[in-house]
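As stored in run22.txt (compact mmCIF, C-alpha atoms):
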```txt
# COMPACT_ATOMS: atom_id res chain seq x y z
CA MET A 1 136.68 109.09 128.26
CA PRO A 2 134.99 109.32 124.84
CA THR A 3 136.98 111.19 122.19
CA ALA A 4 135.58 113.51 119.50
CA ASN A 5 135.92 110.66 117.00
CA ASP A 6 133.89 108.35 119.28
CA ASN A 7 131.04 110.86 119.34
CA LEU A 8 131.23 111.37 115.60
CA LEU A 9 131.14 107.64 114.89
CA ASP A 10 128.36 107.09 117.43
CA ASN A 11 126.21 109.79 115.80
CA ALA A 12 126.97 108.55 112.29
CA ALA A 13 126.15 104.91 113.09
CA ASN A 14 123.01 105.66 115.11
CA LEU A 15 121.48 108.09 112.63
CA ALA A 16 122.34 105.95 109.61
CA LEU A 17 120.83 102.86 111.26
CA GLU A 18 117.69 104.68 112.39
CA ILE A 19 117.00 106.08 108.92
CA GLY A 20 117.86 102.68 107.39
CA ARG A 21 115.38 100.99 109.71
CA LEU A 22 112.61 103.42 108.79
CA LEU A 23 113.37 102.97 105.08
CA MET A 24 113.13 99.17 105.44
CA GLU A 25 109.83 99.52 107.30
CA SER A 26 108.58 101.90 104.59
CA GLY A 27 109.09 99.37 101.79
CA ALA A 28 112.42 100.44 100.26
CA ARG A 29 114.42 97.76 98.49
CA GLY A 30 117.81 96.67 99.77
CA ARG A 31 119.96 98.66 97.39
CA ALA A 32 118.15 101.90 98.20
CA VAL A 33 118.49 101.33 101.95
CA GLU A 34 122.18 100.56 101.66
CA ASP A 35 122.83 103.61 99.46
CA GLN A 36 121.08 105.97 101.87
CA VAL A 37 122.75 104.50 104.97
CA ILE A 38 126.21 104.91 103.38
CA LYS A 39 125.43 108.48 102.31
CA ILE A 40 124.38 109.42 105.82
CA ALA A 41 127.35 107.84 107.58
CA ARG A 42 129.79 109.49 105.18
CA GLY A 43 127.97 112.82 105.43
CA LEU A 44 128.40 112.71 109.20
CA GLY A 45 132.15 112.15 108.92
CA ALA A 46 132.85 108.40 108.68
CA ASP A 47 135.48 107.50 106.11
CA ARG A 48 134.69 103.75 106.05
CA VAL A 49 131.19 102.29 106.04
CA ASP A 50 130.08 98.65 105.83
CA VAL A 51 126.43 97.71 106.01
CA ARG A 52 124.67 94.38 106.51
CA LEU A 53 120.98 94.28 105.63
CA GLY A 54 118.79 91.61 107.17
CA TYR A 55 115.02 91.16 107.10
CA ALA A 56 114.70 91.66 110.85
CA SER A 57 117.84 93.67 111.64
CA LEU A 58 120.43 96.03 110.21
CA ALA A 59 124.09 96.24 111.16
CA ILE A 60 126.67 98.89 110.35
CA THR A 61 130.38 99.35 110.92
CA VAL A 62 131.67 102.90 110.60
CA GLY A 63 135.31 103.85 110.80
CA LEU A 64 137.45 106.96 111.01
CA GLY A 65 141.22 106.69 111.00
CA HIS A 66 142.17 103.82 113.29
CA GLU A 67 138.84 103.80 115.18
CA ALA A 68 135.73 101.85 114.27
CA LEU A 69 132.29 101.19 115.73
CA THR A 70 129.77 98.44 114.97
CA LEU A 71 126.07 98.71 115.86
CA MET A 72 122.97 96.66 115.12
CA ARG A 73 119.31 97.72 115.07
CA LYS A 74 116.10 95.67 115.03
CA VAL A 75 113.72 96.22 112.08
CA GLY A 76 109.98 96.19 112.80
CA PRO A 77 107.09 95.05 110.58
CA HIS A 78 107.62 95.79 106.90
CA GLY A 79 104.97 98.03 105.34
CA VAL A 80 104.79 100.57 102.54
CA ASN A 81 104.84 104.32 103.24
CA GLN A 82 106.07 106.18 100.21
CA ARG A 83 105.78 109.70 101.56
CA LEU A 84 107.99 108.80 104.52
CA ASP A 85 110.37 106.95 102.19
CA ILE A 86 110.74 110.02 99.96
CA ALA A 87 111.14 112.37 102.93
CA LEU A 88 113.87 110.13 104.41
CA ARG A 89 115.79 110.07 101.13
CA GLY A 90 115.60 113.88 101.04
CA LEU A 91 116.97 114.01 104.58
CA ALA A 92 119.79 111.62 103.65
CA THR A 93 120.76 113.88 100.73
CA ARG A 94 120.84 116.95 103.00
CA ILE A 95 123.07 115.10 105.46
CA GLU A 96 125.34 113.97 102.62
CA ASN A 97 125.66 117.57 101.42
CA ARG A 98 126.63 118.64 104.97
CA GLU A 99 123.56 120.90 105.22
CA LEU A 100 122.65 119.33 108.59
CA ALA A 101 124.90 118.40 111.50
CA ALA A 102 124.03 115.41 113.69
CA PRO A 103 121.81 117.21 116.27
CA ALA A 104 119.78 119.01 113.58
CA ALA A 105 119.48 115.80 111.57
CA LYS A 106 118.19 113.92 114.64
CA ALA A 107 115.59 116.64 115.26
CA GLU A 108 114.53 116.57 111.61
CA LEU A 109 114.24 112.78 111.67
CA ALA A 110 112.03 112.90 114.76
CA ARG A 111 109.85 115.51 113.06
CA LEU A 112 109.50 113.46 109.87
CA GLU A 113 108.62 110.32 111.80
CA LYS A 114 105.96 112.17 113.76
CA GLU A 115 104.56 114.56 111.16
CA THR A 116 104.67 112.77 107.78
CA PRO A 117 100.96 112.72 106.93
CA ARG A 118 98.82 109.64 106.29
CA HIS A 119 95.55 109.61 104.39
CA PRO A 120 92.35 109.38 106.44
CA LEU A 121 91.01 105.84 106.79
CA TRP A 122 87.93 106.46 104.63
CA ILE A 123 90.04 107.62 101.67
CA VAL A 124 92.25 104.53 101.90
CA VAL A 125 89.22 102.24 102.22
CA VAL A 126 87.51 103.72 99.14
CA ALA A 127 90.76 103.73 97.13
CA VAL A 128 91.41 100.06 97.92
CA GLY A 129 87.81 99.20 97.05
CA LEU A 130 88.21 100.89 93.66
CA ALA A 131 91.59 99.21 93.09
CA CYS A 132 90.14 95.75 93.77
CA MET A 133 87.14 96.52 91.57
CA ALA A 134 89.61 97.46 88.79
CA PHE A 135 91.53 94.23 89.42
CA GLY A 136 88.22 92.41 89.08
CA ARG A 137 87.59 93.98 85.68
CA LEU A 138 91.15 93.14 84.58
CA LEU A 139 90.52 89.53 85.59
CA GLY A 140 87.18 89.35 83.79
CA VAL A 141 84.62 89.94 86.57
CA ASP A 142 81.34 90.97 84.91
CA TRP A 143 79.68 94.33 85.68
CA LEU A 144 77.18 92.70 88.08
CA GLY A 145 80.07 91.44 90.17
CA THR A 146 81.97 94.74 90.43
CA GLY A 147 79.71 96.33 93.09
CA PRO A 148 80.08 93.43 95.56
CA VAL A 149 83.84 93.36 94.90
CA PHE A 150 84.08 97.09 95.69
CA LEU A 151 82.09 96.83 98.93
CA ALA A 152 83.80 93.65 100.10
CA ALA A 153 87.26 95.10 99.43
CA CYS A 154 86.34 98.28 101.35
CA PHE A 155 85.28 96.15 104.32
CA ALA A 156 88.37 93.96 104.03
CA GLN A 157 90.68 97.00 104.08
CA TRP A 158 88.90 98.44 107.13
CA LEU A 159 89.22 95.07 108.88
CA ARG A 160 92.90 94.79 107.96
CA ARG A 161 93.58 98.22 109.48
CA GLU A 162 91.73 97.21 112.66
CA PHE A 163 93.73 93.98 112.97
CA ALA A 164 96.99 95.87 112.46
CA ALA A 165 96.00 98.43 115.11
CA HIS A 166 95.34 95.58 117.57
CA HIS A 167 98.64 93.84 116.69
CA ILE A 168 96.95 90.66 115.45
CA ASN A 169 99.46 88.22 113.92
CA PRO A 170 99.75 89.33 110.24
CA PHE A 171 99.29 85.83 108.83
CA ILE A 172 96.22 85.01 110.93
CA GLY A 173 94.94 88.50 110.13
CA ALA A 174 95.42 87.89 106.39
CA ALA A 175 93.42 84.64 106.58
CA LEU A 176 90.55 86.28 108.50
CA VAL A 177 90.45 89.32 106.19
CA ALA A 178 90.52 87.08 103.11
CA PHE A 179 87.73 84.90 104.51
CA SER A 180 85.47 87.88 105.33
CA GLY A 181 86.14 89.79 102.10
CA SER A 182 85.79 86.75 99.90
CA LEU A 183 82.59 85.59 101.62
CA LEU A 184 81.00 89.03 101.26
CA ALA A 185 81.99 89.38 97.61
CA GLY A 186 80.84 85.86 96.78
CA ALA A 187 77.48 86.23 98.53
CA GLY A 188 76.89 89.64 96.91
CA ALA A 189 77.89 88.50 93.43
CA ARG A 190 75.71 85.41 93.71
CA GLY A 191 72.79 87.49 94.99
CA LEU A 192 73.07 89.75 91.94
CA ALA A 193 73.25 86.74 89.60
CA SER A 194 76.80 87.50 88.47
CA ALA A 195 78.30 84.84 86.20
CA THR A 196 81.78 85.35 87.69
CA VAL A 197 81.30 84.60 91.40
CA ASP A 198 84.57 82.66 91.80
CA THR A 199 86.68 85.42 90.25
CA ALA A 200 84.86 88.09 92.28
CA MET A 201 85.75 86.19 95.48
CA ILE A 202 89.43 86.36 94.57
CA ALA A 203 89.40 89.94 93.24
CA ALA A 204 87.93 91.31 96.48
CA VAL A 205 90.94 90.18 98.51
CA LEU A 206 93.75 91.08 96.10
CA LEU A 207 94.52 93.96 98.45
CA LEU A 208 96.31 91.32 100.53
CA VAL A 209 98.76 90.38 97.77
CA PRO A 210 102.11 91.77 98.97
CA GLY A 211 103.12 93.20 95.61
CA VAL A 212 105.85 95.57 96.80
CA PRO A 213 107.62 92.94 98.97
CA ALA A 214 107.33 90.43 96.11
CA LEU A 215 109.03 92.81 93.66
CA ASN A 216 111.57 93.86 96.31
CA ALA A 217 112.43 90.20 96.95
CA GLN A 218 113.25 89.67 93.31
CA SER A 219 115.14 92.99 93.01
CA ASP A 220 117.19 92.22 96.13
CA ILE A 221 118.22 88.86 94.71
CA ILE A 222 119.08 90.37 91.30
CA GLU A 223 121.07 93.14 92.97
CA GLY A 224 123.20 90.77 95.03
CA ARG A 225 121.34 90.41 98.36
CA PRO A 226 119.98 86.85 98.17
CA THR A 227 119.53 86.45 101.94
CA LEU A 228 117.30 89.50 102.27
CA GLY A 229 115.47 88.64 99.05
CA SER A 230 114.82 85.06 100.17
CA ALA A 231 113.51 86.20 103.54
CA ARG A 232 111.13 88.62 101.83
CA ALA A 233 109.99 85.84 99.44
CA VAL A 234 109.19 83.53 102.36
CA GLY A 235 107.11 86.29 103.99
CA VAL A 236 105.26 86.84 100.69
CA ALA A 237 104.60 83.11 100.30
CA MET A 238 103.23 82.85 103.85
CA VAL A 239 100.85 85.80 103.36
CA LEU A 240 99.63 84.29 100.07
CA LEU A 241 99.16 80.88 101.70
CA PHE A 242 97.13 82.22 104.62
CA SER A 243 95.10 84.57 102.40
CA THR A 244 94.23 81.73 100.05
CA ALA A 245 93.23 79.57 103.01
CA GLY A 246 90.72 82.30 103.89
CA VAL A 247 89.34 82.31 100.32
CA TRP A 248 89.19 78.50 100.36
CA LEU A 249 87.15 78.52 103.56
CA ALA A 250 84.80 81.19 102.14
CA ARG A 251 84.32 79.08 99.00
CA ALA A 252 83.52 76.07 101.16
CA CYS A 253 80.93 78.12 103.10
CA LEU A 254 79.25 79.27 99.87
CA GLY A 255 79.67 75.95 98.09
CA ALA A 256 81.44 77.85 95.30
CA GLY A 257 84.13 76.47 93.00
CA GLN A 258 82.84 72.92 93.29
CA MET B 1 98.54 91.04 65.28
CA ASN B 2 94.97 90.95 66.60
CA LEU B 3 94.59 94.32 68.36
CA ASP B 4 91.20 95.08 69.94
CA LEU B 5 91.19 98.81 70.74
CA TYR B 6 88.29 98.51 73.18
CA GLN B 7 90.17 95.80 75.09
CA LEU B 8 93.37 97.90 75.07
CA ALA B 9 91.55 100.98 76.41
CA HIS B 10 89.67 98.87 78.98
CA GLN B 11 92.84 97.25 80.33
CA ALA B 12 94.76 100.54 80.38
CA PHE B 13 91.94 102.37 82.17
CA PHE B 14 91.47 99.77 84.89
CA GLY B 15 95.23 99.34 85.20
CA GLY B 16 95.40 103.07 85.93
CA VAL B 17 92.59 102.87 88.51
CA ALA B 18 94.27 99.91 90.25
CA ALA B 19 97.67 101.64 90.37
CA ALA B 20 96.16 104.88 91.70
CA GLY B 21 94.16 102.97 94.35
CA PHE B 22 97.24 101.14 95.52
CA GLY B 23 99.16 104.42 95.43
CA VAL B 24 96.78 105.77 98.08
CA LEU B 25 97.28 102.59 100.13
CA PHE B 26 101.04 103.15 99.86
CA ASN B 27 100.54 106.69 101.20
CA ILE B 28 101.53 108.72 98.18
CA GLY B 29 100.61 112.41 98.04
CA LEU B 30 97.29 113.03 96.28
CA ARG B 31 98.97 115.46 93.85
CA SER B 32 101.06 112.57 92.51
CA LEU B 33 97.99 110.40 91.94
CA PRO B 34 97.57 111.16 88.19
CA TRP B 35 101.17 110.08 87.62
CA TYR B 36 100.49 106.77 89.36
CA ALA B 37 97.37 106.25 87.26
CA ALA B 38 99.38 107.01 84.11
CA SER B 39 102.07 104.55 85.16
CA GLY B 40 99.51 101.75 85.69
CA ALA B 41 97.75 102.58 82.43
CA LEU B 42 101.07 102.44 80.55
CA ALA B 43 101.95 99.08 82.11
CA LEU B 44 98.63 97.43 81.28
CA GLY B 45 98.47 99.11 77.87
CA VAL B 46 101.89 97.81 76.84
CA ARG B 47 101.18 94.35 78.23
CA THR B 48 97.85 94.10 76.40
CA PHE B 49 99.44 95.37 73.18
CA ALA B 50 102.28 92.84 73.46
CA GLN B 51 99.84 89.99 74.16
CA SER B 52 97.78 90.98 71.13
CA ALA B 53 100.99 90.64 69.10
CA GLY B 54 101.13 87.01 70.22
CA TRP B 55 103.74 87.38 72.96
CA SER B 56 103.43 85.18 76.04
CA PHE B 57 102.02 86.61 79.27
CA GLU B 58 105.44 86.57 80.94
CA ILE B 59 107.34 88.25 78.10
CA ALA B 60 104.55 90.81 77.71
CA SER B 61 104.80 91.55 81.47
CA PHE B 62 108.59 91.92 81.22
CA THR B 63 108.24 94.33 78.28
CA ALA B 64 105.60 96.37 80.09
CA ALA B 65 107.72 96.62 83.27
CA ALA B 66 110.79 97.62 81.25
CA ALA B 67 108.71 100.24 79.40
CA VAL B 68 107.46 101.69 82.69
CA GLY B 69 110.96 101.65 84.23
CA CYS B 70 112.55 103.32 81.20
CA SER B 71 109.75 105.88 80.83
CA MET B 72 110.66 107.27 84.26
CA VAL B 73 113.74 108.85 82.68
CA PHE B 74 111.43 111.27 80.84
CA LEU B 75 109.54 112.47 83.92
CA PRO B 76 109.56 116.20 84.66
CA GLU B 77 112.03 117.24 87.36
CA ARG B 78 109.33 118.00 89.97
CA VAL B 79 108.16 114.37 90.08
CA SER B 80 111.52 112.71 89.47
CA ARG B 81 112.10 112.06 93.18
CA VAL B 82 109.14 109.64 93.24
CA ARG B 83 110.50 107.83 90.17
CA ASN B 84 111.13 104.44 91.78
CA ALA B 85 107.88 104.44 93.75
CA LEU B 86 105.98 105.39 90.62
CA ALA B 87 107.49 102.59 88.57
CA VAL B 88 106.73 99.98 91.24
CA ALA B 89 103.15 101.20 91.76
CA GLY B 90 102.54 101.11 88.01
CA CYS B 91 103.55 97.47 87.88
CA ILE B 92 101.50 96.40 90.91
CA PRO B 93 98.39 95.67 88.77
CA MET B 94 100.49 93.17 86.81
CA VAL B 95 101.47 91.13 89.90
CA PRO B 96 99.61 87.85 89.32
CA GLY B 97 97.84 87.58 92.68
CA SER B 98 94.89 85.81 91.14
CA ALA B 99 97.10 83.12 89.59
CA ALA B 100 98.81 82.66 92.96
CA ALA B 101 95.46 82.16 94.67
CA LYS B 102 94.34 79.70 91.96
CA ALA B 103 97.59 77.73 92.31
CA ILE B 104 97.29 77.42 96.09
CA LEU B 105 93.54 76.64 95.88
CA GLY B 106 94.39 73.90 93.40
CA PHE B 107 96.96 72.40 95.78
CA PHE B 108 94.42 72.53 98.62
CA ALA B 109 91.87 70.77 96.43
CA LEU B 110 94.36 68.01 95.58
CA THR B 111 94.05 66.66 99.11
CA THR B 112 90.32 66.04 98.63
CA GLN B 113 90.50 64.47 95.15
CA PRO B 114 90.81 60.77 94.35
CA ALA B 115 94.33 60.09 93.08
CA ALA B 116 93.07 59.18 89.61
CA ASP B 117 91.47 62.62 89.12
CA SER B 118 94.33 64.65 90.46
CA THR B 119 96.71 64.72 87.48
CA ALA B 120 94.88 67.45 85.54
CA LEU B 121 94.42 69.53 88.69
CA LEU B 122 98.08 69.15 89.57
CA LEU B 123 99.12 70.31 86.11
CA VAL B 124 96.84 73.37 86.21
CA SER B 125 98.06 74.28 89.71
CA PHE B 126 101.70 73.96 88.68
CA GLU B 127 101.03 75.99 85.57
CA ASN B 128 99.60 78.80 87.72
CA LEU B 129 102.49 78.55 90.18
CA LEU B 130 105.07 78.76 87.40
CA ARG B 131 103.19 81.70 85.88
CA VAL B 132 103.39 83.52 89.22
CA MET B 133 107.12 82.86 89.62
CA PHE B 134 108.06 83.75 86.05
CA THR B 135 105.83 86.83 85.93
CA ILE B 136 107.11 88.30 89.20
CA GLY B 137 110.65 87.58 88.02
CA ALA B 138 109.89 89.22 84.68
CA ILE B 139 108.36 92.34 86.23
CA ALA B 140 111.14 92.83 88.77
CA THR B 141 113.82 92.29 86.12
CA GLY B 142 112.13 94.68 83.72
CA LEU B 143 111.83 97.31 86.44
CA ALA B 144 115.45 96.85 87.48
CA ILE B 145 116.87 97.36 83.99
CA PRO B 146 117.28 101.16 84.19
CA THR B 147 118.84 100.86 87.66
CA LEU B 148 121.17 98.05 86.66
CA LEU B 149 122.35 99.94 83.59
CA ARG B 150 123.20 103.01 85.67
CA PRO B 151 126.81 102.97 86.88
CA ARG B 152 127.07 102.83 90.64
CA ALA B 153 129.55 104.94 92.59
CA LYS B 154 132.15 102.90 94.46
CA THR B 155 131.67 103.09 98.26
```

Rewrite the structure of this file - the entire thing - as structure tokens.
Amino acid sequence: MPTANDNLLDNAANLALEIGRLLMESGARGRAVEDQVIKIARGLGADRVDVRLGYASLAITVGLGHEALTLMRKVGPHGVNQRLDIALRGLATRIENRELAAPAAKAELARLEKETPRHPLWIVVVAVGLACMAFGRLLGVDWLGTGPVFLAACFAQWLRREFAAHHINPFIGAALVAFSGSLLAGAGARGLASATVDTAMIAAVLLLVPGVPALNAQSDIIEGRPTLGSARAVGVAMVLLFSTAGVWLARACLGAGQ
Amino acid sequence: MNLDLYQLAHQAFFGGVAAAGFGVLFNIGLRSLPWYAASGALALGVRTFAQSAGWSFEIASFTAAAAVGCSMVFLPERVSRVRNALAVAGCIPMVPGSAAAKAILGFFALTTQPAADSTALLLVSFENLLRVMFTIGAIATGLAIPTLLRPRAKT
């Protein structure tokens, strides 16, 4: 028969792992995930907490007195969702301060997961188009090339969202998005007689560069988590490789960069 | 020092636009958007200034990331909870995605070149690859400085 300590440890481990998983999937770096997971488990009554962070799974051991419990949870695709990340950290602080008991914390977590807002697709598409256009200017794309970069990046972001919604393999998706975006930007820039067609073709698909995972990889290694950091770096390298293959194919189609 | 004010303003402005655009992609609240733009503008402004002083691209990127990371200490209380996200988003425009693409494109092209012509291409591709590795390392280290200097509670 489960004791009160069993229930306490079960709640502490499950909630800590669930919030840790969501933080990983929202783009938090390893140290932040570990800190929040430990805060939650301690806030729910555990007096010993050990955490193992992996790229595809998290594991935790919580202990109280002579009893201990170890659980593992699978981590899904890594993305970036800063509003959810911030909300989860706020929830972790409330649990640490004993403002929420386990049942209320579970209900609050379910609410955050369901109700944390996302921007409408059109706002994201336009914002990404503007960001890539700005990247283009930073890289030296001339004014004639900025319009095609903006439109191509908008299309590429829309396509990326569609592929993600249909669970297309992220690497194949990156190559297809890069090919389409780069081809559109290159054709447009050439049509407008831009002198920077090659750079425009790259600028339009810089939305695919996994900047947050790349910085997280380095931070994880610096902060003493080389396994997690290396796994992130391999993922970053693969996305870059497939994206560049898409650009390469688009250049071949347009006869650019010869 | 060879400081071109137009170039500095241009880089800072488009750095701000890029950081704000990526902020939306990362699902930040729209009220925080000006802070993200300011963070990107600061990063690109400092990097451009440092480059105009003759510093290398990598050291200039490190300095800019450290400046952004340290500037977060001075944020007003109401935005301090987005401090880390803000610092990362500000540095996103400095991630050398273009150099990464050029490096990989160069390696692809090596397979179609006669061996005699490939030395220069190999060197340029390696140069771009090293620039990517050193710059990402420099940005992440610069960003991590405030965190690493903060004492961490024993768990």

Please produce, as a tab-separated table, a per-residue contact table for chain A versus chain B (criterion: any atom at most 6 Å away, only C-alpha atoms considered), showing the nearest atom pair and its distance in Å to one decimal, sorted by chain then residue number.
```
residue	atom	partner	partner_atom	distance
A:Val80	CA	B:Phe26	CA	5.3
A:Asn81	CA	B:Phe26	CA	5.2
A:Gln82	CA	B:Ile28	CA	5.6
A:Arg83	CA	B:Ile28	CA	5.5
A:Val124	CA	B:Leu25	CA	5.7
A:Ala127	CA	B:Gly21	CA	4.5
A:Val128	CA	B:Gly21	CA	5.4
A:Ala131	CA	B:Ala18	CA	4.0
A:Ala134	CA	B:Phe14	CA	4.9
A:Val209	CA	B:Gly97	CA	5.9
A:Gly211	CA	B:Ile92	CA	5.9
A:Leu215	CA	B:Ala140	CA	5.3
A:Gln218	CA	B:Ala140	CA	5.9
A:Ser219	CA	B:Ala140	CA	5.8
A:Thr244	CA	B:Ala101	CA	5.5
```

Return as JSON the box centre and box size in Å, one decimal, for an axis-aligned box around all listed atoms of segment 219-224 of chain A padded by 3 Å per side.
```
{"center_x": 119.2, "center_y": 91.0, "center_z": 93.7, "size_x": 14.1, "size_y": 10.3, "size_z": 10.8}
```

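For Asp50 of chain A, the residues within 9 Å (counting only C-alpha atoms, excluding itself and residues fewer than 2 positions away along the chain) are Ile38, Arg48, Arg52, Ala59, Ile60, Thr61, Val62 and Gly63 of chain A; Thr155 of chain B.
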
Which residue is closest to Asp142 of chain A? Choose from A:Ala193, A:Ala101, A:Ala187, A:Ala46 and count all atoms listed in the file.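 Selected residue with least distance to Asp142 of chain A: A:Ala193.
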
What's the separation between atom CA of Ser71 of chain B and atom CA of Ala38 of chain B, in Å to one decimal place? 10.9 Å

Neighbour list for Ala189 of chain A as a CSV table (one decimal) with C-alpha atoms, in the coordinates of the input, cut-off 10 Å, only C-alpha atoms, skip fewer than 2 positions in-chain:
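Below is the file selection11.csv, written as the result:
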```csv
chain,number,residue,atom,x,y,z
A,141,VAL,CA,84.6,89.9,86.6
A,142,ASP,CA,81.3,91.0,84.9
A,143,TRP,CA,79.7,94.3,85.7
A,144,LEU,CA,77.2,92.7,88.1
A,145,GLY,CA,80.1,91.4,90.2
A,146,THR,CA,82.0,94.7,90.4
A,147,GLY,CA,79.7,96.3,93.1
A,148,PRO,CA,80.1,93.4,95.6
A,149,VAL,CA,83.8,93.4,94.9
A,183,LEU,CA,82.6,85.6,101.6
A,184,LEU,CA,81.0,89.0,101.3
A,185,ALA,CA,82.0,89.4,97.6
A,186,GLY,CA,80.8,85.9,96.8
A,187,ALA,CA,77.5,86.2,98.5
A,191,GLY,CA,72.8,87.5,95.0
A,192,LEU,CA,73.1,89.8,91.9
A,193,ALA,CA,73.2,86.7,89.6
A,194,SER,CA,76.8,87.5,88.5
A,195,ALA,CA,78.3,84.8,86.2
A,196,THR,CA,81.8,85.4,87.7
A,197,VAL,CA,81.3,84.6,91.4
A,198,ASP,CA,84.6,82.7,91.8
A,199,THR,CA,86.7,85.4,90.2
A,200,ALA,CA,84.9,88.1,92.3
A,201,MET,CA,85.8,86.2,95.5
```

All residues 12 Å or closer to Arg94 of chain A, only C-alpha atoms, same chain fewer than 2 positions away omitted, as a PyMOL selection string: chain A and resi 36+39-40+42-44+87-92+96-102+104-105+108-109

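The two atoms in question, atom CA of Met238 of chain A and atom CA of Trp158 of chain A, are spaced 21.4 Å apart.
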
For atom CA of Pro213 of chain A and atom CA of His78 of chain A, the interatomic separation in Å (one decimal): 8.4 Å

So which residues fall inside 7 Å of (103.1, 97.0, 81.0) if we count only C-alpha atoms? Mind giving them as a CSV table (one decimal) with C-alpha atoms, keeping the file's coordinate frame?
```
chain,number,residue,atom,x,y,z
B,42,LEU,CA,101.1,102.4,80.6
B,43,ALA,CA,102.0,99.1,82.1
B,44,LEU,CA,98.6,97.4,81.3
B,45,GLY,CA,98.5,99.1,77.9
B,46,VAL,CA,101.9,97.8,76.8
B,47,ARG,CA,101.2,94.4,78.2
B,61,SER,CA,104.8,91.6,81.5
B,63,THR,CA,108.2,94.3,78.3
B,64,ALA,CA,105.6,96.4,80.1
B,65,ALA,CA,107.7,96.6,83.3
B,67,ALA,CA,108.7,100.2,79.4
B,68,VAL,CA,107.5,101.7,82.7
B,91,CYS,CA,103.6,97.5,87.9
```

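The residue set within 8 Å of Ala174 of chain A, counting all atoms listed in the file and dropping same-chain residues fewer than 3 places from it, reads A:Arg160, A:Pro170, A:Phe171, A:Val177, A:Ala178, A:Leu208, A:Val239, A:Phe242, A:Ser243, A:Gly246.
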
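In this comparison, which uses only C-alpha atoms, the residue of B:Ile145, B:Ala115, B:Val132, B:Val124 approaching Glu58 of chain B most closely is B:Val132.
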
Could you tell me which of B:Phe126, B:Gly40, B:Thr135, B:Leu149 comes closest to Phe62 of chain B if we count all atoms listed in the file?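 Nearest to Phe62 of chain B: B:Thr135.
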
Which of these, A:Val205, A:Cys154, A:Met133, A:Asn5, has the shortest distance to Ala250 of chain A once you count only C-alpha atoms?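 For Ala250 of chain A, the nearest of the given residues is A:Val205.
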
Slice of the block: segment 26-38 of chain A, N, CA and C atoms, as a short mmCIF file (atom, residue, chain, number, x, y, z; two decimals), in the first residue's frame:
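out.cif, freshly written:
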```cif
data_model
loop_
_atom_site.label_atom_id
_atom_site.label_comp_id
_atom_site.auth_asym_id
_atom_site.auth_seq_id
_atom_site.Cartn_x
_atom_site.Cartn_y
_atom_site.Cartn_z
N SER A 26 10.59 24.16 -25.05
CA SER A 26 10.39 25.59 -25.29
C SER A 26 11.70 26.32 -25.54
N GLY A 27 12.82 25.60 -25.53
CA GLY A 27 14.09 26.23 -25.88
C GLY A 27 14.94 26.69 -24.71
N ALA A 28 14.64 26.22 -23.49
CA ALA A 28 15.47 26.63 -22.34
C ALA A 28 16.80 25.88 -22.39
N ARG A 29 17.85 26.52 -21.87
CA ARG A 29 19.13 25.82 -21.85
C ARG A 29 19.20 24.91 -20.62
N GLY A 30 20.19 24.01 -20.64
CA GLY A 30 20.24 22.95 -19.65
C GLY A 30 20.23 23.43 -18.21
N ARG A 31 21.03 24.46 -17.94
CA ARG A 31 21.12 24.93 -16.56
C ARG A 31 19.77 25.43 -16.05
N ALA A 32 19.05 26.14 -16.90
CA ALA A 32 17.74 26.68 -16.51
C ALA A 32 16.76 25.54 -16.23
N VAL A 33 16.77 24.52 -17.09
CA VAL A 33 15.86 23.38 -16.89
C VAL A 33 16.18 22.71 -15.56
N GLU A 34 17.46 22.45 -15.34
CA GLU A 34 17.85 21.75 -14.11
C GLU A 34 17.46 22.56 -12.87
N ASP A 35 17.71 23.87 -12.91
CA ASP A 35 17.37 24.73 -11.76
C ASP A 35 15.87 24.67 -11.45
N GLN A 36 15.05 24.77 -12.51
CA GLN A 36 13.60 24.78 -12.28
C GLN A 36 13.11 23.42 -11.77
N VAL A 37 13.64 22.34 -12.33
CA VAL A 37 13.22 21.00 -11.92
C VAL A 37 13.55 20.78 -10.44
N ILE A 38 14.73 21.22 -10.02
CA ILE A 38 15.13 21.05 -8.61
C ILE A 38 14.24 21.89 -7.69
#
```
